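**Q** Quick one, data-v8.txt (compact mmCIF, C-alpha atoms):
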# COMPACT_ATOMS: atom_id res chain seq x y z
CA MET A 1 -182.91 -17.63 234.16
CA THR A 2 -180.26 -14.97 233.72
CA THR A 3 -177.27 -14.10 235.85
CA ASP A 4 -176.58 -10.45 236.44
CA THR A 5 -173.08 -9.37 235.48
CA PRO A 6 -171.42 -7.62 238.44
CA ARG A 7 -171.47 -3.85 237.89
CA ARG A 8 -168.05 -2.29 237.47
CA GLN A 9 -167.09 -0.19 240.45
CA PRO A 10 -166.72 3.54 239.70
CA THR A 11 -163.14 4.78 239.82
CA LEU A 12 -161.52 7.69 241.61
CA ASP A 13 -160.95 9.29 238.19
CA GLU A 14 -164.70 9.22 237.54
CA VAL A 15 -165.41 10.76 240.94
CA ALA A 16 -162.92 13.54 240.20
CA GLU A 17 -164.43 14.17 236.76
CA ARG A 18 -167.98 14.28 238.17
CA ALA A 19 -166.87 16.70 240.91
CA GLY A 20 -164.85 18.87 238.52
CA VAL A 21 -161.67 18.53 240.58
CA SER A 22 -158.28 16.88 240.12
CA ARG A 23 -157.73 13.25 241.02
CA SER A 24 -155.41 14.25 243.85
CA ALA A 25 -158.01 16.63 245.31
CA ALA A 26 -160.67 13.90 245.18
CA SER A 27 -158.28 11.51 246.94
CA ARG A 28 -157.55 14.04 249.69
CA VAL A 29 -161.26 14.54 250.35
CA ILE A 30 -161.96 10.81 250.49
CA ASN A 31 -159.04 10.27 252.88
CA ASN A 32 -160.04 13.28 255.04
CA ALA A 33 -156.76 15.04 254.33
CA PRO A 34 -156.37 18.76 255.07
CA HIS A 35 -155.89 21.68 252.67
CA VAL A 36 -158.98 21.16 250.51
CA SER A 37 -161.54 23.92 250.11
CA ARG A 38 -165.04 23.48 251.47
CA ALA A 39 -166.53 23.78 247.97
CA LYS A 40 -164.34 20.99 246.63
CA ARG A 41 -165.13 18.76 249.62
CA GLU A 42 -168.84 19.16 249.02
CA ALA A 43 -168.49 18.54 245.26
CA VAL A 44 -166.48 15.33 245.84
CA ARG A 45 -168.92 14.05 248.46
CA ARG A 46 -171.85 14.63 246.10
CA ALA A 47 -169.99 12.77 243.33
CA VAL A 48 -169.26 9.87 245.68
CA ASP A 49 -172.94 9.62 246.59
CA ASP A 50 -174.13 9.96 242.98
CA LEU A 51 -171.78 7.30 241.64
CA GLY A 52 -171.91 4.92 244.59
CA TYR A 53 -168.14 5.03 244.88
CA VAL A 54 -166.61 2.70 247.48
CA PRO A 55 -163.13 3.83 248.58
CA ASN A 56 -160.37 1.37 247.85
CA ALA A 57 -159.51 -0.37 251.11
CA THR A 58 -155.84 -0.67 250.29
CA ALA A 59 -155.54 2.97 249.27
CA ARG A 60 -157.08 3.88 252.61
CA ALA A 61 -154.59 1.56 254.26
CA LEU A 62 -151.79 3.44 252.54
CA ALA A 63 -153.07 6.72 253.95
CA THR A 64 -153.75 5.39 257.44
CA LYS A 65 -150.66 3.09 257.70
CA GLN A 66 -152.85 0.00 258.04
CA ALA A 67 -152.18 -3.26 256.22
CA GLY A 68 -153.23 -3.86 252.62
CA SER A 69 -151.84 -5.52 249.52
CA VAL A 70 -150.80 -4.97 245.91
CA VAL A 71 -150.25 -7.51 243.13
CA LEU A 72 -147.32 -8.13 240.81
CA ALA A 73 -148.82 -10.15 237.95
CA ILE A 74 -146.76 -11.75 235.19
CA SER A 75 -148.31 -13.00 231.98
CA GLY A 76 -146.95 -16.52 232.07
CA ASP A 77 -147.91 -19.98 233.24
CA ASP A 78 -144.55 -21.35 234.40
CA PRO A 79 -143.90 -20.98 238.15
CA ALA A 80 -140.17 -21.01 237.35
CA MET A 81 -140.59 -17.51 235.90
CA PHE A 82 -140.27 -16.05 239.39
CA ALA A 83 -136.90 -17.81 239.68
CA ASP A 84 -135.73 -16.25 236.38
CA PRO A 85 -132.91 -13.83 237.29
CA PHE A 86 -134.71 -10.96 235.56
CA PHE A 87 -138.03 -11.35 237.37
CA ALA A 88 -136.27 -12.20 240.63
CA GLU A 89 -134.48 -8.83 240.53
CA VAL A 90 -137.75 -7.04 239.71
CA VAL A 91 -139.35 -8.63 242.78
CA VAL A 92 -136.41 -7.50 244.93
CA GLY A 93 -136.88 -3.93 243.71
CA VAL A 94 -140.64 -3.93 244.26
CA ASN A 95 -140.29 -5.42 247.72
CA ALA A 96 -137.63 -2.87 248.73
CA VAL A 97 -140.15 -0.05 248.21
CA LEU A 98 -143.10 -1.85 249.79
CA GLU A 99 -141.04 -2.61 252.90
CA GLU A 100 -141.26 1.12 253.65
CA THR A 101 -145.06 0.76 253.86
CA ASP A 102 -147.39 -1.75 255.51
CA LEU A 103 -148.48 -3.15 252.15
CA GLU A 104 -148.08 -6.84 251.35
CA LEU A 105 -146.89 -8.05 247.93
CA MET A 106 -148.91 -10.76 246.18
CA LEU A 107 -147.37 -12.58 243.18
CA SER A 108 -149.57 -13.90 240.39
CA LEU A 109 -149.03 -15.89 237.18
CA ALA A 110 -152.01 -14.83 235.15
CA THR A 111 -151.98 -16.44 231.71
CA SER A 112 -154.37 -19.33 232.30
CA THR A 113 -158.12 -18.76 232.42
CA ARG A 114 -158.06 -19.66 236.09
CA GLY A 115 -155.22 -17.24 236.79
CA GLN A 116 -156.99 -14.41 234.98
CA ALA A 117 -160.22 -15.09 236.86
CA ARG A 118 -158.38 -15.07 240.17
CA LEU A 119 -156.69 -11.76 239.37
CA GLU A 120 -159.96 -10.24 238.15
CA GLN A 121 -161.65 -11.29 241.40
CA LEU A 122 -158.88 -9.70 243.45
CA LEU A 123 -159.24 -6.41 241.62
CA ARG A 124 -163.02 -6.34 241.35
CA THR A 125 -163.48 -6.95 245.07
CA HIS A 126 -160.71 -4.52 246.01
CA GLN A 127 -158.83 -7.21 247.90
CA ALA A 128 -155.78 -5.61 246.31
CA GLY A 129 -155.27 -1.90 246.06
CA GLY A 130 -153.34 -1.91 242.82
CA VAL A 131 -151.54 -4.08 240.31
CA MET A 132 -148.24 -4.11 238.44
CA LEU A 133 -148.44 -6.04 235.15
CA MET A 134 -145.41 -7.44 233.30
CA SER A 135 -144.56 -9.51 230.24
CA LEU A 136 -147.75 -8.92 228.27
CA HIS A 137 -147.92 -10.59 224.84
CA GLY A 138 -149.66 -9.06 221.83
CA ASP A 139 -153.42 -9.04 222.39
CA ASP A 140 -152.98 -10.28 225.95
CA PRO A 141 -156.33 -10.49 227.82
CA LEU A 142 -154.55 -8.97 230.83
CA ALA A 143 -154.40 -5.67 228.93
CA ALA A 144 -158.21 -5.59 228.69
CA LEU A 145 -158.44 -6.54 232.35
CA ALA A 146 -156.16 -3.64 233.23
CA GLN A 147 -158.31 -1.20 231.28
CA GLN A 148 -161.42 -2.34 233.16
CA ALA A 149 -159.80 -2.39 236.60
CA SER A 150 -161.16 -0.01 239.21
CA VAL A 151 -157.79 0.12 240.98
CA PRO A 152 -154.52 1.72 239.80
CA VAL A 153 -152.48 -0.26 237.26
CA VAL A 154 -148.80 0.19 236.38
CA PHE A 155 -147.15 -1.65 233.50
CA GLY A 156 -143.62 -2.99 233.59
CA GLY A 157 -142.66 -2.36 229.99
CA ARG A 158 -144.90 -0.43 227.62
CA PRO A 159 -147.67 -2.73 226.34
CA LEU A 160 -148.09 -3.12 222.59
CA ASN A 161 -151.75 -2.70 221.77
CA ILE A 162 -153.16 -0.27 224.31
CA GLU A 163 -152.41 3.31 225.27
CA ALA A 164 -150.96 2.89 228.74
CA ARG A 165 -150.88 5.99 230.93
CA TYR A 166 -148.60 4.59 233.60
CA TYR A 167 -145.59 2.44 232.80
CA VAL A 168 -141.91 2.00 233.59
CA ASP A 169 -139.68 0.73 230.80
CA ALA A 170 -136.02 0.59 229.79
CA ASP A 171 -134.50 2.08 226.65
CA ASN A 172 -134.52 -1.26 224.87
CA ARG A 173 -134.15 0.12 221.35
CA GLY A 174 -131.28 2.43 222.28
CA GLY A 175 -129.47 -0.33 224.17
CA ALA A 176 -129.75 -2.76 221.25
CA ARG A 177 -128.45 -0.09 218.89
CA LEU A 178 -125.44 0.54 221.17
CA ALA A 179 -124.63 -3.17 221.25
CA THR A 180 -124.83 -3.55 217.49
CA GLU A 181 -122.78 -0.40 216.89
CA HIS A 182 -120.06 -1.88 219.12
CA LEU A 183 -119.99 -5.04 216.99
CA ILE A 184 -119.72 -2.94 213.82
CA ALA A 185 -116.94 -0.80 215.32
CA SER A 186 -114.97 -3.96 216.14
CA GLY A 187 -114.80 -4.74 212.42
CA ARG A 188 -117.52 -7.38 212.23
CA ARG A 189 -119.63 -7.27 209.11
CA LYS A 190 -121.73 -10.45 209.06
CA ILE A 191 -123.86 -9.75 212.13
CA ALA A 192 -126.99 -11.58 213.25
CA THR A 193 -129.48 -11.30 216.08
CA ILE A 194 -131.43 -13.74 218.20
CA THR A 195 -134.60 -11.91 219.14
CA GLY A 196 -136.72 -12.09 222.24
CA ARG A 197 -140.42 -12.76 221.86
CA ILE A 198 -141.61 -10.44 219.13
CA ASP A 199 -145.11 -10.29 220.59
CA GLU A 200 -143.62 -8.32 223.52
CA GLY A 201 -142.59 -4.68 223.50
CA ALA A 202 -139.03 -5.40 224.65
CA GLY A 203 -138.49 -8.04 221.97
CA ILE A 204 -139.69 -5.74 219.19
CA ALA A 205 -137.70 -2.72 220.46
CA ARG A 206 -134.44 -4.70 220.69
CA LEU A 207 -134.91 -6.03 217.16
CA GLN A 208 -135.54 -2.48 215.92
CA GLY A 209 -132.37 -1.19 217.61
CA PHE A 210 -130.33 -3.95 215.92
CA GLN A 211 -131.84 -3.12 212.53
CA ASP A 212 -131.33 0.63 213.04
CA ALA A 213 -127.57 0.25 213.60
CA LEU A 214 -127.00 -2.04 210.62
CA ALA A 215 -129.12 0.13 208.31
CA VAL A 216 -127.06 3.22 209.17
CA ALA A 217 -123.85 1.25 208.51
CA GLY A 218 -125.19 -0.05 205.19
CA LEU A 219 -124.97 -3.68 206.32
CA ASP A 220 -127.38 -6.57 205.82
CA ASN A 221 -129.82 -6.78 208.74
CA SER A 222 -131.76 -9.85 207.62
CA LEU A 223 -129.90 -12.46 209.71
CA VAL A 224 -132.62 -12.74 212.34
CA GLU A 225 -133.54 -15.84 214.32
CA PRO A 226 -136.51 -15.85 216.73
CA GLY A 227 -135.93 -16.67 220.37
CA ASP A 228 -138.05 -16.76 223.51
CA PHE A 229 -135.81 -15.19 226.20
CA SER A 230 -134.92 -18.67 227.54
CA GLU A 231 -131.52 -20.38 227.76
CA ASP A 232 -132.66 -23.36 225.71
CA GLY A 233 -134.26 -21.10 223.15
CA GLY A 234 -131.02 -19.18 222.72
CA GLY A 235 -129.00 -22.36 222.23
CA THR A 236 -131.42 -23.70 219.62
CA ALA A 237 -131.55 -20.40 217.74
CA MET A 238 -127.74 -20.23 217.68
CA GLY A 239 -127.67 -23.66 216.04
CA ARG A 240 -130.06 -22.45 213.33
CA LEU A 241 -127.89 -19.39 212.70
CA LEU A 242 -124.76 -21.50 212.24
CA ASP A 243 -126.63 -23.65 209.72
CA ARG A 244 -127.80 -20.56 207.82
CA ALA A 245 -124.54 -18.59 207.98
CA PRO A 246 -121.44 -20.70 208.77
CA ASP A 247 -119.27 -17.60 208.22
CA LEU A 248 -121.14 -15.64 210.89
CA GLU A 249 -118.94 -13.08 212.69
CA ALA A 250 -121.10 -11.66 215.50
CA VAL A 251 -124.49 -11.99 217.19
CA PHE A 252 -126.49 -9.54 219.26
CA ILE A 253 -128.72 -11.64 221.52
CA ALA A 254 -131.78 -10.06 223.12
CA SER A 255 -131.22 -11.51 226.61
CA ASP A 256 -128.35 -12.85 228.69
CA GLN A 257 -130.24 -16.08 229.34
CA MET A 258 -130.38 -16.77 225.60
CA ALA A 259 -126.73 -15.71 225.25
CA ILE A 260 -125.70 -18.33 227.83
CA GLY A 261 -127.39 -21.01 225.74
CA ALA A 262 -125.80 -19.62 222.56
CA LEU A 263 -122.31 -19.74 224.11
CA ARG A 264 -122.77 -23.45 224.84
CA THR A 265 -123.86 -24.14 221.26
CA LEU A 266 -120.84 -22.27 219.90
CA ALA A 267 -118.49 -24.20 222.18
CA ARG A 268 -119.96 -27.52 220.99
CA ALA A 269 -119.49 -26.38 217.39
CA GLY A 270 -115.82 -25.60 218.04
CA ARG A 271 -116.25 -21.83 217.56
CA THR A 272 -114.21 -19.50 219.75
CA VAL A 273 -115.70 -16.39 221.36
CA PRO A 274 -114.87 -13.67 220.50
CA GLY A 275 -112.24 -14.94 218.02
CA ASP A 276 -114.65 -16.61 215.58
CA VAL A 277 -117.94 -15.10 216.75
CA ALA A 278 -118.44 -12.06 218.99
CA ILE A 279 -121.46 -12.19 221.31
CA ILE A 280 -123.37 -9.44 223.14
CA GLY A 281 -126.34 -10.08 225.42
CA PHE A 282 -128.90 -7.87 227.13
CA ASN A 283 -129.94 -7.32 230.79
CA ASP A 284 -126.60 -7.75 232.67
CA ILE A 285 -127.85 -10.44 235.03
CA PRO A 286 -125.28 -11.62 237.63
CA ALA A 287 -124.53 -14.81 235.67
CA ALA A 288 -123.22 -12.71 232.76
CA ARG A 289 -120.03 -12.06 234.73
CA HIS A 290 -119.31 -15.78 235.10
CA THR A 291 -119.81 -17.18 231.61
CA THR A 292 -116.87 -18.41 229.51
CA PRO A 293 -115.84 -15.88 228.37
CA PRO A 294 -117.52 -13.23 230.55
CA LEU A 295 -120.41 -11.75 228.61
CA THR A 296 -120.41 -8.28 227.08
CA THR A 297 -123.98 -7.11 227.57
CA VAL A 298 -126.40 -4.22 227.75
CA ASN A 299 -127.19 -3.22 231.30
CA GLN A 300 -130.72 -2.26 232.14
CA PRO A 301 -131.33 -1.41 235.81
CA ILE A 302 -133.62 -4.34 236.56
CA GLU A 303 -133.96 -3.81 240.30
CA ALA A 304 -134.59 -0.11 239.67
CA LEU A 305 -137.36 -1.12 237.24
CA GLY A 306 -139.10 -2.91 240.11
CA ARG A 307 -138.54 -0.03 242.53
CA GLU A 308 -139.90 2.56 240.10
CA MET A 309 -142.95 0.43 239.29
CA ALA A 310 -143.76 0.19 242.99
CA ARG A 311 -143.18 3.92 243.54
CA MET A 312 -145.42 4.78 240.61
CA LEU A 313 -148.17 2.52 241.95
CA LEU A 314 -147.94 4.04 245.44
CA SER A 315 -148.10 7.49 243.87
CA LEU A 316 -151.29 6.57 242.01
CA MET A 317 -152.81 5.04 245.13
CA SER A 318 -152.12 8.31 246.95
CA GLY A 319 -154.07 10.28 244.35
CA LYS A 320 -151.12 11.68 242.39
CA GLU A 321 -150.56 11.66 238.63
CA PRO A 322 -147.07 10.29 237.83
CA SER A 323 -145.57 10.40 234.35
CA PRO A 324 -144.32 7.36 232.41
CA LEU A 325 -140.65 6.60 233.00
CA ILE A 326 -137.96 5.27 230.64
CA LEU A 327 -134.82 4.02 232.38
CA PRO A 328 -131.42 4.32 230.64
CA THR A 329 -129.40 1.40 229.32
CA ARG A 330 -125.61 1.16 228.86
CA LEU A 331 -123.12 -1.20 227.31
CA ILE A 332 -120.97 -3.28 229.71
CA HIS A 333 -117.68 -4.30 228.10
CA ARG A 334 -116.39 -7.76 229.00
CA ASP A 335 -114.60 -10.43 226.97
CA SER A 336 -117.19 -11.91 224.60
CA ALA A 337 -117.13 -8.93 222.17
Do you think you could lay out the structure here as C-alpha cells?

**A**
Amino acid sequence: MTTDTPRRQPTLDEVAERAGVSRSAASRVINNAPHVSRAKREAVRRAVDDLGYVPNATARALATKQAGSVVLAISGDDPAMFADPFFAEVVVGVNAVLEETDLELMLSLATSTRGQARLEQLLRTHQAGGVMLMSLHGDDPLAALAQQASVPVVFGGRPLNIEARYYVDADNRGGARLATEHLIASGRRKIATITGRIDEGAGIARLQGFQDALAVAGLDNSLVEPGDFSEDGGGTAMGRLLDRAPDLEAVFIASDQMAIGALRTLARAGRTVPGDVAIIGFNDIPAARHTTPPLTTVNQPIEALGREMARMLLSLMSGKEPSPLILPTRLIHRDSA
C-alpha cells in the first residue's frame, strides 16, 4: 500500500509564466483589480484553470482587508531566542508594519523535525500567506522548504547555499571592517576576533570584514576564536584568547551579547578595558550602553531590518517584485575602544 505525496500547489509565478504576463498583472487579475486588459485577464484565467491554481487566502485577505496571517520563522530550538535582544527588536519592527494591515503574526522555531513539519503544513495548506525566515545555518533544511513553498518567502539575512531572490540584510562585512580599522587607528597591533557562528551568513561576513582590515594594514589576522552569538559563548572564547595571546591588545567581537560575556572574563582576569584590551561589539543592542565600560559597537538598524522584511513580504503578497535590500551599518563610539 502506497501513500500519495501531496502535490505541490502551483505558484503565482507559474500562473504568470503560463499566461505570458508579469506577476503583478496576474495578481491583479486574480484579485479582480482594475486596469488590466481584457486579453491579459483571459490569459490569466486560462492559466489558472490549466494549472489548478488556488489563490492564496492570506494574499486575498491583504487585498480585501480581511484577516490572515504570516509567519516569522527562526532556525533554532531554544524558546529564549525570541527574548534575545536582537530577535526581540526584529519582532518589534515586523509587528509595526503588520499593525497597519489586518494580518496576524505567527512566530515559529523551526529547527526540530516537528517544527519543520508544522511550518511545512502551514505553508502547504496556505494557512499562512507568507513567511520570513531568519538565522539559517549552512545546509539548513528550511532553505529547501523555502524553495518549495507556494507562498512568498523573504529571508532575514542572505542565506549561504541558495540563490535567494528576496532578502533584507545589513552590511555586516563593511561594519566589521570599520570596527577593525578603528582598532588599528587607535594604535593596537595585536588584534583578535571572536566570531559568530560561521555556518551563518552574518558570522562569515563579519569575519571577512575583520580579515580585510588587517590584511590591508599588513597585520596578522589569524587570532580567531569561534563563538556562537551568546553571552556565555563570548566569555568562554575570551578566556581561550587570553590563554593563546596574553599580550592581546584588542578584540573585535561579532555580537554585543558575546562582548558582554567577554567583558566579564576580562574583568575576572584583571584586565582593564580599554587600557589593556580594547573591545568592539556588533549590533548596538540597548544593553551596550550600560556595560562597564559602555561598549563601542557597530550599529545595524535591527528594528528597521524587521520592518523592511515585513514590507518586502507584503509587496510580494500584493504581486509586486521588490529588490533585495542591504541596510547600512555604522560605528558607535563609546568607552570600550

**Q** Nearest to A:Arg240 among A:Thr180, A:Thr291, A:Asn221, A:Thr265, with distances taken over all atoms listed in the file: which residue is it?

**A**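 Looking only at the distances to A:Arg240, the closest residue turns out to be A:Thr265.
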
**Q** Which is closest to A:Asn95 among A:Arg23, A:Arg177, A:Arg158, A:Arg311, if we use only C-alpha atoms?

**A**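 Selected residue with least distance to A:Asn95: A:Arg311.
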
**Q** Choose the residue, out of A:Ala259, A:Ile74, A:Ser315, A:Glu249, that has the smallest atom-to-atom separation from A:Glu231; count all atoms listed in the file.

**A** A:Ala259

**Q** Between atom CA of A:Thr195 and atom CA of A:Asp228, what is the distance, to one decimal in Å?

**A**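 Interatomic distance here is 7.4 Å.
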
**Q** To one decimal place, how far is atom CA of A:Asp276 from atom CA of A:Thr296 in Å?

**A**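 Going from atom CA of A:Asp276 over to atom CA of A:Thr296, I get 15.3 Å.
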
**Q** Show me, as number ranges by chain, the residues that have an atom within 12 Å of A:Arg271 when counting only C-alpha atoms, minus same-chain residues fewer than 3 positions from it.

**A** A: 238-239, 242, 246-250, 262-268, 274-279

**Q** Atom CA of A:Leu72 to atom CA of A:Gln121: how many Å, to one decimal?

**A** 14.7 Å

**Q** If we count all atoms listed in the file, what is near stretch 173-176 of chain A at a cut-off of 8 Å, once residues fewer than 6 positions away on the same chain are taken out, given as a PyMOL selection string?

**A** chain A and resi 205-210+252+254+282+298+329-331

**Q** Return the single residue from A:Tyr166, A:Asp243, A:Leu103, A:Ala217 that is closest to A:Gly187, with distances computed using only C-alpha atoms.

**A** A:Ala217

**Q** Hey, can you pull every residue with an atom no more than 12 Å from (-142.9, 10.2, 227.0), using only C-alpha atoms, and send it as a list of chain:residue names?

**A**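 In the file's frame, the residues around the point are A:Arg158, A:Glu163, A:Ala164, A:Arg165, A:Tyr166, A:Tyr167, A:Val168, A:Asp169, A:Asp171, A:Pro322, A:Ser323, A:Pro324, A:Leu325, A:Ile326, A:Leu327.
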
**Q** Compile the contact shell of A:Ser255 as number ranges by chain: residues with an atom at most 9 Å away, counting all atoms listed in the file, same-chain residues fewer than 5 positions apart removed.

**A** A: 194-196, 229-231, 234, 260, 280-284, 297-298

**Q** Take the residues that were just selected and, keeping C-alpha atoms, output them as a PDB file, keeping the file's coordinate frame.

**A**
ATOM      1  CA  ILE A 194    -131.430 -13.740 218.200  1.00  0.00           C
ATOM      2  CA  THR A 195    -134.600 -11.910 219.140  1.00  0.00           C
ATOM      3  CA  GLY A 196    -136.720 -12.090 222.240  1.00  0.00           C
ATOM      4  CA  PHE A 229    -135.810 -15.190 226.200  1.00  0.00           C
ATOM      5  CA  SER A 230    -134.920 -18.670 227.540  1.00  0.00           C
ATOM      6  CA  GLU A 231    -131.520 -20.380 227.760  1.00  0.00           C
ATOM      7  CA  GLY A 234    -131.020 -19.180 222.720  1.00  0.00           C
ATOM      8  CA  ILE A 260    -125.700 -18.330 227.830  1.00  0.00           C
ATOM      9  CA  ILE A 280    -123.370  -9.440 223.140  1.00  0.00           C
ATOM     10  CA  GLY A 281    -126.340 -10.080 225.420  1.00  0.00           C
ATOM     11  CA  PHE A 282    -128.900  -7.870 227.130  1.00  0.00           C
ATOM     12  CA  ASN A 283    -129.940  -7.320 230.790  1.00  0.00           C
ATOM     13  CA  ASP A 284    -126.600  -7.750 232.670  1.00  0.00           C
ATOM     14  CA  THR A 297    -123.980  -7.110 227.570  1.00  0.00           C
ATOM     15  CA  VAL A 298    -126.400  -4.220 227.750  1.00  0.00           C
TER      16      VAL A 298
END

**Q** Please return as a PyMOL selection string every residue within 8 Å of (-142.5, -3.4, 222.7), taking into account all atoms listed in the file and the file's own coordinates.

**A** chain A and resi 157-160+198-205

**Q** May I have the residues from that selection written out with C-alpha atoms, as a tab-separated table (two decimals), keeping the file's coordinate frame?

**A**
chain	number	residue	atom	x	y	z
A	157	GLY	CA	-142.66	-2.36	229.99
A	158	ARG	CA	-144.90	-0.43	227.62
A	159	PRO	CA	-147.67	-2.73	226.34
A	160	LEU	CA	-148.09	-3.12	222.59
A	198	ILE	CA	-141.61	-10.44	219.13
A	199	ASP	CA	-145.11	-10.29	220.59
A	200	GLU	CA	-143.62	-8.32	223.52
A	201	GLY	CA	-142.59	-4.68	223.50
A	202	ALA	CA	-139.03	-5.40	224.65
A	203	GLY	CA	-138.49	-8.04	221.97
A	204	ILE	CA	-139.69	-5.74	219.19
A	205	ALA	CA	-137.70	-2.72	220.46

**Q** Would you kindly return, as a list in words, each protein, DNA or RNA residue with an atom no farther than 9 Å from any atom of A:Ser108, considering only C-alpha atoms and excluding same-chain residues fewer than 5 positions away?

**A** Val71, Leu72, Ala73, Ile74, Ser75, Gly115, Arg118 and Leu119 of chain A

**Q** From the list A:Ala117, A:Met132, A:Ser336, A:Ser69, which residue is nearest A:Leu98 when using all atoms listed in the file?

**A**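 Of A:Ala117, A:Met132, A:Ser336, A:Ser69, the one nearest A:Leu98, counting all atoms listed in the file, is A:Ser69.
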
**Q** Considering only C-alpha atoms, return as a count of residues only whatever protein or nucleic-acid residues lie within 12 Å of stretch 15-21 of chain A, sequence-local ones (same chain, fewer than 2 positions apart) excluded.

**A** 34

**Q** From the options A:Ile253, A:Val153, A:Leu178, A:Ala144, which residue's atoms come nearest to A:Ile191, counting only C-alpha atoms?

**A**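 Looking only at the distances to A:Ile191, the closest residue turns out to be A:Ile253.
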